[in-house]
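S.K.: Below is the file upload00.cif, with mmCIF, C-alpha atoms.
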```cif
data_work
#
loop_
_atom_site.group_PDB
_atom_site.id
_atom_site.type_symbol
_atom_site.label_atom_id
_atom_site.label_comp_id
_atom_site.auth_asym_id
_atom_site.auth_seq_id
_atom_site.Cartn_x
_atom_site.Cartn_y
_atom_site.Cartn_z
ATOM 1 C CA MET A 1 -33.009 108.160 73.751
ATOM 2 C CA SER A 2 -30.243 107.745 71.184
ATOM 3 C CA ASP A 3 -27.718 104.960 71.617
ATOM 4 C CA VAL A 4 -25.051 107.661 71.354
ATOM 5 C CA SER A 5 -25.846 108.526 74.970
ATOM 6 C CA LYS A 6 -24.933 105.017 76.073
ATOM 7 C CA ILE A 7 -21.238 105.292 75.211
ATOM 8 C CA ALA A 8 -19.188 104.161 78.184
ATOM 9 C CA PRO A 9 -17.466 106.923 80.178
ATOM 10 C CA GLY A 10 -13.907 107.503 79.103
ATOM 11 C CA THR A 11 -14.310 106.121 75.586
ATOM 12 C CA ASP A 12 -13.741 108.254 72.510
ATOM 13 C CA PRO A 13 -16.736 108.105 70.173
ATOM 14 C CA VAL A 14 -16.225 108.229 66.411
ATOM 15 C CA ARG A 15 -15.432 111.743 65.294
ATOM 16 C CA ILE A 16 -17.461 112.674 62.230
ATOM 17 C CA ARG A 17 -16.069 115.615 60.318
ATOM 18 C CA ALA A 18 -16.167 117.010 56.811
ATOM 19 C CA ARG A 19 -12.878 116.834 54.927
ATOM 20 C CA ARG A 20 -11.554 119.452 52.523
ATOM 21 C CA ILE A 21 -11.226 117.441 49.332
ATOM 22 C CA SER A 22 -11.424 117.704 45.557
ATOM 23 C CA PHE A 23 -11.128 115.369 42.599
ATOM 24 C CA SER A 24 -10.428 115.382 38.889
ATOM 25 C CA TYR A 25 -12.878 113.518 36.693
ATOM 26 C CA PRO A 26 -12.987 111.670 33.372
ATOM 27 C CA ARG A 27 -12.758 113.873 30.290
ATOM 28 C CA ALA A 28 -15.709 114.031 27.928
ATOM 29 C CA ASP A 29 -13.656 112.034 25.399
ATOM 30 C CA ALA A 30 -12.745 109.336 27.930
ATOM 31 C CA ASP A 31 -14.022 105.762 27.696
ATOM 32 C CA ARG A 32 -17.773 106.164 28.068
ATOM 33 C CA HIS A 33 -18.179 102.817 29.815
ATOM 34 C CA TYR A 34 -15.868 103.709 32.651
ATOM 35 C CA VAL A 35 -17.029 100.986 35.065
ATOM 36 C CA GLY A 36 -14.935 98.065 33.915
ATOM 37 C CA GLY A 37 -16.012 98.651 30.318
ATOM 38 C CA ASP A 38 -19.442 97.337 31.313
ATOM 39 C CA LEU A 39 -22.456 98.870 29.570
ATOM 40 C CA ILE A 40 -25.131 98.383 32.237
ATOM 41 C CA MET A 41 -22.954 99.090 35.278
ATOM 42 C CA SER A 42 -21.612 102.319 33.765
ATOM 43 C CA HIS A 43 -25.154 103.584 33.262
ATOM 44 C CA ALA A 44 -26.311 102.348 36.699
ATOM 45 C CA VAL A 45 -23.435 104.049 38.536
ATOM 46 C CA SER A 46 -23.999 107.256 36.553
ATOM 47 C CA MET A 47 -27.697 107.321 37.411
ATOM 48 C CA LEU A 48 -26.960 106.642 41.085
ATOM 49 C CA SER A 49 -24.453 109.497 41.054
ATOM 50 C CA SER A 50 -27.050 111.773 39.478
ATOM 51 C CA VAL A 51 -29.441 111.379 42.437
ATOM 52 C CA PHE A 52 -26.822 112.089 45.094
ATOM 53 C CA PRO A 53 -26.722 115.934 45.021
ATOM 54 C CA GLU A 54 -30.452 116.397 45.589
ATOM 55 C CA GLY A 55 -30.621 113.286 47.759
ATOM 56 C CA GLU A 56 -27.890 114.572 50.053
ATOM 57 C CA ASP A 57 -29.649 117.948 50.261
ATOM 58 C CA PHE A 58 -32.877 116.191 51.263
ATOM 59 C CA PHE A 59 -31.013 114.237 53.955
ATOM 60 C CA VAL A 60 -29.460 117.412 55.355
ATOM 61 C CA ARG A 61 -32.821 119.237 55.504
ATOM 62 C CA SER A 62 -34.536 116.266 57.111
ATOM 63 C CA VAL A 63 -31.944 115.951 59.880
ATOM 64 C CA ARG A 64 -31.464 119.701 60.371
ATOM 65 C CA HIS A 65 -35.209 120.125 60.971
ATOM 66 C CA TYR A 66 -34.809 118.246 64.282
ATOM 67 C CA ARG A 67 -31.505 119.751 65.308
ATOM 68 C CA ASN A 68 -32.968 121.923 68.072
ATOM 69 C CA ASP A 69 -34.745 118.888 69.562
ATOM 70 C CA ILE A 70 -31.473 117.057 70.247
ATOM 71 C CA SER A 71 -30.348 117.210 73.877
ATOM 72 C CA ASP A 72 -27.418 114.783 73.550
ATOM 73 C CA PRO A 73 -24.190 116.809 73.010
ATOM 74 C CA VAL A 74 -22.420 113.890 71.310
ATOM 75 C CA LEU A 75 -25.275 113.465 68.872
ATOM 76 C CA GLN A 76 -25.231 117.215 68.249
ATOM 77 C CA GLU A 77 -21.568 116.929 67.232
ATOM 78 C CA HIS A 78 -22.361 113.966 65.017
ATOM 79 C CA VAL A 79 -25.148 115.895 63.311
ATOM 80 C CA ALA A 80 -22.782 118.776 62.560
ATOM 81 C CA GLY A 81 -20.297 116.344 61.034
ATOM 82 C CA PHE A 82 -23.040 114.570 59.101
ATOM 83 C CA ILE A 83 -24.272 117.824 57.572
ATOM 84 C CA GLY A 84 -20.757 118.880 56.590
ATOM 85 C CA GLN A 85 -20.001 115.537 54.983
ATOM 86 C CA GLU A 86 -23.279 115.337 53.069
ATOM 87 C CA VAL A 87 -22.901 118.873 51.711
ATOM 88 C CA THR A 88 -19.421 117.963 50.442
ATOM 89 C CA HIS A 89 -20.706 114.727 48.900
ATOM 90 C CA GLY A 90 -23.370 116.659 47.028
ATOM 91 C CA ARG A 91 -20.831 119.163 45.725
ATOM 92 C CA GLU A 92 -18.440 116.526 44.417
ATOM 93 C CA HIS A 93 -21.184 114.497 42.772
ATOM 94 C CA ARG A 94 -22.474 117.632 41.058
ATOM 95 C CA ASN A 95 -18.997 118.070 39.610
ATOM 96 C CA ILE A 96 -18.716 114.520 38.321
ATOM 97 C CA ASN A 97 -22.304 114.576 37.074
ATOM 98 C CA GLU A 98 -21.442 117.473 34.775
ATOM 99 C CA ARG A 99 -18.618 115.410 33.272
ATOM 100 C CA LEU A 100 -20.930 112.419 32.919
ATOM 101 C CA GLN A 101 -23.451 114.648 31.123
ATOM 102 C CA GLU A 102 -20.690 115.653 28.689
ATOM 103 C CA MET A 103 -19.935 111.961 28.156
ATOM 104 C CA GLY A 104 -23.547 111.343 27.119
ATOM 105 C CA TYR A 105 -25.281 110.303 30.333
ATOM 106 C CA PRO A 106 -28.591 112.123 31.075
ATOM 107 C CA THR A 107 -27.553 113.139 34.591
ATOM 108 C CA ARG A 108 -29.182 116.578 34.439
ATOM 109 C CA LYS A 109 -32.610 115.147 33.645
ATOM 110 C CA CYS A 110 -32.328 112.636 36.467
ATOM 111 C CA ASP A 111 -31.144 115.388 38.811
ATOM 112 C CA ARG A 112 -34.171 117.554 37.950
ATOM 113 C CA PHE A 113 -36.560 114.634 38.433
ATOM 114 C CA THR A 114 -34.966 113.839 41.818
ATOM 115 C CA LYS A 115 -35.171 117.483 42.893
ATOM 116 C CA ARG A 116 -38.871 117.783 42.038
ATOM 117 C CA SER A 117 -39.758 114.464 43.641
ATOM 118 C CA LEU A 118 -37.929 115.071 46.931
ATOM 119 C CA ALA A 119 -39.138 118.683 47.150
ATOM 120 C CA THR A 120 -42.728 117.446 46.825
ATOM 121 C CA ILE A 121 -42.168 114.859 49.549
ATOM 122 C CA TYR A 122 -40.548 117.379 51.881
ATOM 123 C CA ARG A 123 -43.392 119.893 51.415
ATOM 124 C CA HIS A 124 -46.349 117.537 51.655
ATOM 125 C CA VAL A 125 -45.259 114.605 53.830
ATOM 126 C CA PRO A 126 -44.748 114.870 57.623
ATOM 127 C CA HIS A 127 -41.151 115.698 58.502
ATOM 128 C CA ARG A 128 -41.009 112.558 60.612
ATOM 129 C CA ILE A 129 -41.432 110.516 57.423
ATOM 130 C CA SER A 130 -38.695 112.516 55.684
ATOM 131 C CA LEU A 131 -36.369 111.709 58.582
ATOM 132 C CA ALA A 132 -37.385 108.035 58.474
ATOM 133 C CA MET A 133 -36.669 108.041 54.730
ATOM 134 C CA THR A 134 -33.267 109.570 55.372
ATOM 135 C CA ALA A 135 -32.413 106.901 57.950
ATOM 136 C CA GLY A 136 -33.553 104.190 55.522
ATOM 137 C CA PHE A 137 -31.593 105.534 52.571
ATOM 138 C CA GLU A 138 -28.552 105.941 54.802
ATOM 139 C CA HIS A 139 -28.757 102.179 55.409
ATOM 140 C CA TYR A 140 -28.677 101.648 51.645
ATOM 141 C CA THR A 141 -25.642 103.869 51.177
ATOM 142 C CA ALA A 142 -23.844 102.434 54.208
ATOM 143 C CA THR A 143 -24.449 98.872 53.002
ATOM 144 C CA LEU A 144 -23.113 99.611 49.524
ATOM 145 C CA ALA A 145 -20.230 101.576 51.025
ATOM 146 C CA HIS A 146 -19.290 98.743 53.375
ATOM 147 C CA HIS A 147 -19.327 96.339 50.436
ATOM 148 C CA LEU A 148 -17.052 98.586 48.374
ATOM 149 C CA LEU A 149 -14.549 98.779 51.229
ATOM 150 C CA THR A 150 -14.560 95.038 51.915
ATOM 151 C CA ASP A 151 -14.922 93.434 48.479
ATOM 152 C CA ALA A 152 -11.948 93.668 46.108
ATOM 153 C CA ALA A 153 -14.118 92.485 43.202
ATOM 154 C CA ALA A 154 -16.455 95.442 43.703
ATOM 155 C CA ARG A 155 -13.515 97.853 43.707
ATOM 156 C CA ALA A 156 -12.008 96.183 40.639
ATOM 157 C CA LEU A 157 -15.040 97.208 38.574
ATOM 158 C CA LEU A 158 -14.088 100.872 39.054
ATOM 159 C CA THR A 159 -11.361 101.063 36.434
ATOM 160 C CA SER A 160 -11.350 104.873 36.334
ATOM 161 C CA GLU A 161 -8.810 105.845 38.996
ATOM 162 C CA GLU A 162 -10.367 109.167 39.968
ATOM 163 C CA VAL A 163 -13.912 107.792 40.031
ATOM 164 C CA ARG A 164 -12.678 104.942 42.249
ATOM 165 C CA LYS A 165 -11.046 107.437 44.609
ATOM 166 C CA LEU A 166 -14.214 109.550 44.737
ATOM 167 C CA LEU A 167 -16.373 106.548 45.579
ATOM 168 C CA LEU A 168 -13.931 105.176 48.158
ATOM 169 C CA TRP A 169 -13.912 108.542 49.950
ATOM 170 C CA HIS A 170 -17.696 108.744 49.767
ATOM 171 C CA ALA A 171 -17.984 105.155 51.007
ATOM 172 C CA TYR A 172 -15.674 105.793 53.952
ATOM 173 C CA GLU A 173 -17.718 108.755 55.150
ATOM 174 C CA GLU A 174 -21.024 106.947 54.607
ATOM 175 C CA VAL A 175 -19.822 104.175 56.905
ATOM 176 C CA GLU A 176 -18.469 106.781 59.335
ATOM 177 C CA HIS A 177 -21.847 108.551 59.731
ATOM 178 C CA LYS A 178 -24.116 105.559 59.050
ATOM 179 C CA ALA A 179 -25.981 105.840 62.376
ATOM 180 C CA VAL A 180 -26.492 109.608 62.616
ATOM 181 C CA ALA A 181 -29.878 109.988 60.899
ATOM 182 C CA PHE A 182 -31.080 106.801 62.619
ATOM 183 C CA ASP A 183 -30.013 108.131 66.032
ATOM 184 C CA VAL A 184 -31.721 111.475 65.400
ATOM 185 C CA TYR A 185 -34.885 109.630 64.410
ATOM 186 C CA ARG A 186 -34.824 107.502 67.560
ATOM 187 C CA HIS A 187 -33.687 110.337 69.846
ATOM 188 C CA THR A 188 -36.578 112.563 68.751
ATOM 189 C CA GLY A 189 -39.246 109.921 69.286
ATOM 190 C CA GLY A 190 -39.551 108.137 65.947
ATOM 191 C CA SER A 191 -41.423 104.836 66.218
ATOM 192 C CA GLU A 192 -40.281 101.386 65.101
ATOM 193 C CA ARG A 193 -43.490 100.902 63.137
ATOM 194 C CA THR A 194 -42.988 104.046 61.047
ATOM 195 C CA ARG A 195 -39.292 103.301 60.551
ATOM 196 C CA ILE A 196 -39.929 99.764 59.301
ATOM 197 C CA TRP A 197 -42.870 100.593 57.045
ATOM 198 C CA THR A 198 -40.986 103.517 55.531
ATOM 199 C CA MET A 199 -38.124 101.206 54.662
ATOM 200 C CA ARG A 200 -40.490 98.663 53.139
ATOM 201 C CA LEU A 201 -41.809 101.422 50.885
ATOM 202 C CA ILE A 202 -38.243 102.394 49.949
ATOM 203 C CA ASN A 203 -37.449 98.752 49.166
ATOM 204 C CA ALA A 204 -40.427 98.623 46.824
ATOM 205 C CA ILE A 205 -39.725 101.888 44.996
ATOM 206 C CA PHE A 206 -35.990 102.639 44.992
ATOM 207 C CA PRO A 207 -34.669 99.496 43.204
ATOM 208 C CA ALA A 208 -37.374 99.967 40.561
ATOM 209 C CA PHE A 209 -36.295 103.591 40.132
ATOM 210 C CA VAL A 210 -32.639 102.562 39.695
ATOM 211 C CA VAL A 211 -33.592 99.983 37.050
ATOM 212 C CA ALA A 212 -35.892 102.404 35.218
ATOM 213 C CA SER A 213 -33.398 105.288 35.192
ATOM 214 C CA THR A 214 -30.629 102.943 34.019
ATOM 215 C CA VAL A 215 -32.808 101.729 31.126
ATOM 216 C CA VAL A 216 -33.707 105.305 30.166
ATOM 217 C CA SER A 217 -30.019 106.254 30.216
ATOM 218 C CA MET A 218 -29.098 103.237 28.091
ATOM 219 C CA LEU A 219 -31.657 104.191 25.456
ATOM 220 C CA VAL A 220 -29.486 107.169 24.433
ATOM 221 C CA ASP A 221 -26.346 105.013 24.163
ATOM 222 C CA ARG A 222 -25.727 103.420 20.768
ATOM 223 C CA ALA A 223 -23.881 100.551 22.415
ATOM 224 C CA SER A 224 -27.174 99.419 23.955
ATOM 225 C CA TYR A 225 -28.378 98.504 20.475
ATOM 226 C CA ARG A 226 -25.417 96.203 19.793
ATOM 227 C CA PRO A 227 -26.617 92.714 20.785
ATOM 228 C CA THR A 228 -23.154 91.456 21.676
ATOM 229 C CA ALA A 229 -22.430 94.295 24.126
ATOM 230 C CA LEU A 230 -25.887 94.125 25.683
ATOM 231 C CA VAL A 231 -25.912 90.345 26.114
ATOM 232 C CA ARG A 232 -22.385 90.378 27.553
ATOM 233 C CA SER A 233 -23.388 93.018 30.097
ATOM 234 C CA LEU A 234 -26.594 91.208 31.034
ATOM 235 C CA TRP A 235 -24.672 87.959 31.489
ATOM 236 C CA ALA A 236 -22.151 89.709 33.756
ATOM 237 C CA LEU A 237 -24.960 90.635 36.156
ATOM 238 C CA ARG A 238 -25.104 86.982 37.233
ATOM 239 C CA SER A 239 -21.786 87.364 39.041
ATOM 240 C CA ASN A 240 -21.964 91.072 39.811
ATOM 241 C CA PRO A 241 -20.621 91.646 43.362
ATOM 242 C CA TRP A 242 -23.134 94.463 43.947
ATOM 243 C CA LEU A 243 -26.026 92.039 43.557
ATOM 244 C CA SER A 244 -24.576 89.389 45.853
ATOM 245 C CA ARG A 245 -26.479 87.663 48.635
ATOM 246 C CA PRO A 246 -24.508 89.387 51.465
ATOM 247 C CA VAL A 247 -25.521 92.818 50.120
ATOM 248 C CA VAL A 248 -29.194 91.849 49.866
ATOM 249 C CA ALA A 249 -29.104 90.186 53.297
ATOM 250 C CA GLU A 250 -27.600 93.275 54.933
ATOM 251 C CA LEU A 251 -30.181 95.557 53.338
ATOM 252 C CA ARG A 252 -32.935 93.366 54.776
ATOM 253 C CA THR A 253 -31.657 93.653 58.347
ATOM 254 C CA TYR A 254 -33.077 97.182 58.581
ATOM 255 C CA THR A 255 -36.674 95.968 58.847
ATOM 256 C CA ARG A 256 -35.908 93.827 61.899
ATOM 257 C CA ARG A 257 -37.425 95.237 65.090
ATOM 258 C CA GLY A 258 -34.709 96.552 67.398
ATOM 259 C CA PHE A 259 -32.239 97.039 64.534
ATOM 260 C CA HIS A 260 -29.450 99.598 64.907
ATOM 261 C CA PRO A 261 -26.786 100.471 62.285
ATOM 262 C CA ASP A 262 -24.043 99.674 64.786
ATOM 263 C CA ASP A 263 -25.212 96.046 64.860
ATOM 264 C CA ASN A 264 -22.655 95.677 62.074
ATOM 265 C CA PRO A 265 -19.384 96.858 63.719
ATOM 266 C CA THR A 266 -17.172 98.910 61.410
ATOM 267 C CA ALA A 267 -14.576 100.525 63.719
ATOM 268 C CA GLU A 268 -11.734 98.278 62.515
ATOM 269 C CA LEU A 269 -12.734 98.781 58.885
ATOM 270 C CA LEU A 270 -12.659 102.569 59.314
ATOM 271 C CA GLN A 271 -9.288 102.398 61.049
ATOM 272 C CA GLN A 272 -7.852 100.302 58.212
ATOM 273 C CA TRP A 273 -9.142 102.567 55.461
ATOM 274 C CA SER A 274 -8.260 105.752 57.335
ATOM 275 C CA THR A 275 -4.600 104.909 56.778
ATOM 276 C CA GLU A 276 -5.089 103.635 53.237
ATOM 277 C CA LEU A 277 -6.988 106.739 52.173
ATOM 278 C CA PHE A 278 -5.811 109.619 54.344
ATOM 279 C CA GLY A 279 -2.334 108.606 55.531
ATOM 280 C CA ASP A 280 0.772 110.438 54.309
ATOM 281 C CA ALA A 281 1.124 107.923 51.495
ATOM 282 C CA GLY A 282 -2.610 107.284 51.260
ATOM 283 C CA LEU A 283 -4.618 107.019 48.090
ATOM 284 C CA LEU A 284 -6.167 110.459 48.690
ATOM 285 C CA ALA A 285 -3.026 112.246 49.863
ATOM 286 C CA ASP A 286 -3.173 114.623 46.868
ATOM 287 C CA ASN A 287 -6.937 115.133 47.100
ATOM 288 C CA VAL A 288 -7.557 115.923 50.738
ATOM 289 C CA GLY A 289 -6.427 118.712 53.057
ATOM 290 C CA ALA A 290 -3.570 120.872 51.850
ATOM 291 C CA GLY A 291 -3.342 118.825 48.658
ATOM 292 C CA ALA A 292 -6.948 119.384 47.655
ATOM 293 C CA GLY A 293 -7.278 121.059 44.318
ATOM 294 C CA ARG A 294 -3.612 120.765 43.349
ATOM 295 C CA ARG A 295 -4.394 118.687 40.257
ATOM 296 C CA SER A 296 -5.774 120.649 37.341
ATOM 297 C CA VAL A 297 -5.425 118.090 34.536
ATOM 298 C CA PRO A 298 -8.263 115.531 34.419
ATOM 299 C CA ARG A 299 -7.323 111.898 34.054
#
```
Would you encode the structure as structure tokens?
M.R.:
Amino acid sequence: MSDVSKIAPGTDPVRIRARRISFSYPRADADRHYVGGDLIMSHAVSMLSSVFPEGEDFFVRSVRHYRNDISDPVLQEHVAGFIGQEVTHGREHRNINERLQEMGYPTRKCDRFTKRSLATIYRHVPHRISLAMTAGFEHYTATLAHHLLTDAAARALLTSEEVRKLLLWHAYEEVEHKAVAFDVYRHTGGSERTRIWTMRLINAIFPAFVVASTVVSMLVDRASYRPTALVRSLWALRSNPWLSRPVVAELRTYTRRGFHPDDNPTAELLQQWSTELFGDAGLLADNVGAGAGRRSVPR
């Protein structure tokens, strides 16, 4: 049975809901290396963004497949919120991916590869494995999201204001719904053995995919062939906050027997960023709710 059912009477569980939101994105003539002027990180972030639309769609299908098997009303509400949020994430990343394509990043090719790969998995692999994959990838996104919200150095790399706002919003909602796919997996009878071995497979394949897609993307960028720029970017990886020990350590916690995403409490973090992002004077005040879509001029 899902841990959602164990919430103490009288408490108010986290409300997971999709937000009406829109963003402007870098122009095609903007600085191509929009992540702190860094060659490698700009390509890595672009390639990660390019997998999100089809990845989010895969997550939604994998969770929705078990929707009728969920007897917990709280978990049912969480699933509805999860689906709404993931659909919105996919839409916004499709929008930014088109701008990144115009800037010279091969996001469409990566998107097509992701679509074919995940469609093959969904058709030919048991749905239980697809759900286990979703829970595992949600741990990846939640870990990276938590790091973005807690590490100023990680945020400082995002020098494009609108890209930073997009990723902060995405990060907030990833932390907000971090346990939903996991709870559906557990609630519907998923085993610890399958969960852990699926994540070990993800750990073996996904980082290699990110590295490979980043290299392929860099091959079409003339800056990659300038030794000074390449060496500087490679050297910067030594102190890159996204490759820090806390991030790696948190990713590894998933393969511990008895693990649950809520082992890392985030209620206070969400409360803090709720005000900073969605308050009347919040960073996303002009992007969310009634203000969504007001801006028409890209930054």
S.K.: List the neighbours of range 91-106 of chain A out to 7 Å using all atoms listed in the file; skip same-chain residues closer than 4 positions along the sequence, and give me the result as a ChimeraX atom specification.
M.R.: /A:25-29,32,49-50,52-53,87,110,217
S.K.: Once the PyMOL selection byres ((chain A and resi 219-233) around 9) has been evaluated on this model, what residues remain selected, and can you format them as a PyMOL selection string?
M.R.: chain A and resi 38-41+104-106+214-218+234-237
S.K.: Please evaluate the PyMOL selection byres ((chain A and resi 165) around 10) against the displayed coordinates and give the resulting residues as a PyMOL selection string.
M.R.: chain A and resi 23-24+155+158+160-164+166-171+277+283-284+287
S.K.: Expand the PyMOL selection byres ((chain A and resi 57) around 12) into the individual residues it matches in the shown file, reporting them as a PyMOL selection string.
M.R.: chain A and resi 51-56+58-64+82-91+93-94+111+114-115+118-119+122+130+134
S.K.: Using only C-alpha atoms, can you tell me which of A:Gly190, A:Gly136, A:Pro207, A:Pro261 comes closest to Glu176 in chain A?
M.R.: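 So, comparing all the options, the nearest one is A:Pro261.
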S.K.: Would you mind listing what lies within 12 Å of Thr266 in chain A as JSON, numbers by chain, with all atoms listed in the file counted and same-chain residues fewer than 6 positions away left out?
M.R.: {"A": [14, 142, 143, 145, 146, 147, 149, 150, 172, 173, 174, 175, 176, 177, 178, 179, 272, 273, 274]}
S.K.: What is the distance, in Å and to one decimal place, between CA of Leu270 in chain A and CA of Thr198 in chain A?
M.R.: 28.6 Å
S.K.: What's the separation between CA of Trp242 in chain A and CA of Leu144 in chain A, in Å to one decimal place?
M.R.: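 Answer for the CA of Trp242 in chain A to CA of Leu144 in chain A separation: 7.6 Å.
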S.K.: Hey, can you check how far CA of Arg245 in chain A sits from CA of Met47 in chain A?
M.R.: 22.7 Å
S.K.: Go through A:Ile205, A:Leu157, A:Leu243, A:Ala249 one by one, measure the shortest atom-to-atom distance of each to Gly36 in chain A using all atoms listed in the file, and give the residue with the smallest value.
M.R.: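 Answer, going by the shortest atom-to-atom distance: A:Leu157.
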S.K.: Quick one: of A:Ala18, A:Ala135, A:Thr159, A:Arg116, who's nearest to Gly37 in chain A, counting all atoms listed in the file?
M.R.: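 So, comparing all the options, the nearest one is A:Thr159.
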S.K.: Considering only C-alpha atoms, can you say which of A:Met199, A:Tyr66, A:Ser22, A:Arg17 comes closest to Ala285 in chain A?
M.R.: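 Among the listed residues, the smallest separation from Ala285 in chain A belongs to A:Ser22.
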S.K.: Hey, which of A:Ser117, A:Asn203, A:Tyr34, A:Gln271 ends up closest to Val248 in chain A? Count all atoms listed in the file.
M.R.: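 Using all atoms listed in the file, Val248 in chain A sits closest to A:Asn203.
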S.K.: Build an axis-aligned box that encloses every atom of range 257-272 of chain A listed in the file, pad it by 5 Å on each side, and report its centre and edge lengths in Å to one decimal, as lines of an AutoDock Vina configuration file.
M.R.:
```
center_x = -22.6
center_y = 98.9
center_z = 62.8
size_x = 39.6
size_y = 17.3
size_z = 19.2
```
S.K.: May I have the residues within 7 Å of His78 in chain A as a PyMOL selection string, using only C-alpha atoms and disregarding those fewer than 3 positions away in the same chain?
M.R.: chain A and resi 16+74-75+81-82+180
S.K.: Since the input lacks some atoms of range 171-187 of chain A, please model N, CA and C atoms and print them as an mmCIF file, in the frame of the given file.
M.R.:
```
data_model
loop_
_atom_site.group_PDB
_atom_site.id
_atom_site.type_symbol
_atom_site.label_atom_id
_atom_site.label_comp_id
_atom_site.auth_asym_id
_atom_site.auth_seq_id
_atom_site.Cartn_x
_atom_site.Cartn_y
_atom_site.Cartn_z
ATOM 1 N N ALA A 171 -17.636 106.368 50.254
ATOM 2 C CA ALA A 171 -17.984 105.155 51.007
ATOM 3 C C ALA A 171 -17.470 105.232 52.440
ATOM 4 N N TYR A 172 -16.247 105.693 52.604
ATOM 5 C CA TYR A 172 -15.674 105.793 53.952
ATOM 6 C C TYR A 172 -16.546 106.682 54.845
ATOM 7 N N GLU A 173 -16.933 107.839 54.331
ATOM 8 C CA GLU A 173 -17.718 108.755 55.150
ATOM 9 C C GLU A 173 -19.149 108.266 55.356
ATOM 10 N N GLU A 174 -19.686 107.518 54.398
ATOM 11 C CA GLU A 174 -21.024 106.947 54.607
ATOM 12 C C GLU A 174 -21.000 105.924 55.738
ATOM 13 N N VAL A 175 -19.952 105.123 55.797
ATOM 14 C CA VAL A 175 -19.822 104.175 56.905
ATOM 15 C C VAL A 175 -19.590 104.932 58.212
ATOM 16 N N GLU A 176 -18.803 105.988 58.147
ATOM 17 C CA GLU A 176 -18.469 106.781 59.335
ATOM 18 C C GLU A 176 -19.725 107.386 59.974
ATOM 19 N N HIS A 177 -20.654 107.882 59.155
ATOM 20 C CA HIS A 177 -21.847 108.551 59.731
ATOM 21 C C HIS A 177 -23.117 107.719 59.560
ATOM 22 N N LYS A 178 -22.977 106.418 59.395
ATOM 23 C CA LYS A 178 -24.116 105.559 59.050
ATOM 24 C C LYS A 178 -25.251 105.606 60.070
ATOM 25 N N ALA A 179 -24.956 105.904 61.330
ATOM 26 C CA ALA A 179 -25.981 105.840 62.376
ATOM 27 C C ALA A 179 -26.578 107.195 62.729
ATOM 28 N N VAL A 180 -26.094 108.283 62.148
ATOM 29 C CA VAL A 180 -26.492 109.608 62.616
ATOM 30 C C VAL A 180 -27.982 109.870 62.386
ATOM 31 N N ALA A 181 -28.464 109.731 61.164
ATOM 32 C CA ALA A 181 -29.878 109.988 60.899
ATOM 33 C C ALA A 181 -30.759 109.039 61.704
ATOM 34 N N PHE A 182 -30.342 107.782 61.828
ATOM 35 C CA PHE A 182 -31.080 106.801 62.619
ATOM 36 C C PHE A 182 -31.154 107.248 64.077
ATOM 37 N N ASP A 183 -30.038 107.703 64.632
ATOM 38 C CA ASP A 183 -30.013 108.131 66.032
ATOM 39 C C ASP A 183 -30.860 109.376 66.254
ATOM 40 N N VAL A 184 -30.864 110.292 65.286
ATOM 41 C CA VAL A 184 -31.721 111.475 65.400
ATOM 42 C C VAL A 184 -33.177 111.042 65.377
ATOM 43 N N TYR A 185 -33.508 110.135 64.493
ATOM 44 C CA TYR A 185 -34.885 109.630 64.410
ATOM 45 C C TYR A 185 -35.308 109.019 65.743
ATOM 46 N N ARG A 186 -34.475 108.161 66.294
ATOM 47 C CA ARG A 186 -34.824 107.502 67.560
ATOM 48 C C ARG A 186 -34.829 108.500 68.713
ATOM 49 N N HIS A 187 -33.835 109.374 68.753
ATOM 50 C CA HIS A 187 -33.687 110.337 69.846
ATOM 51 C C HIS A 187 -34.889 111.278 69.929
#
```
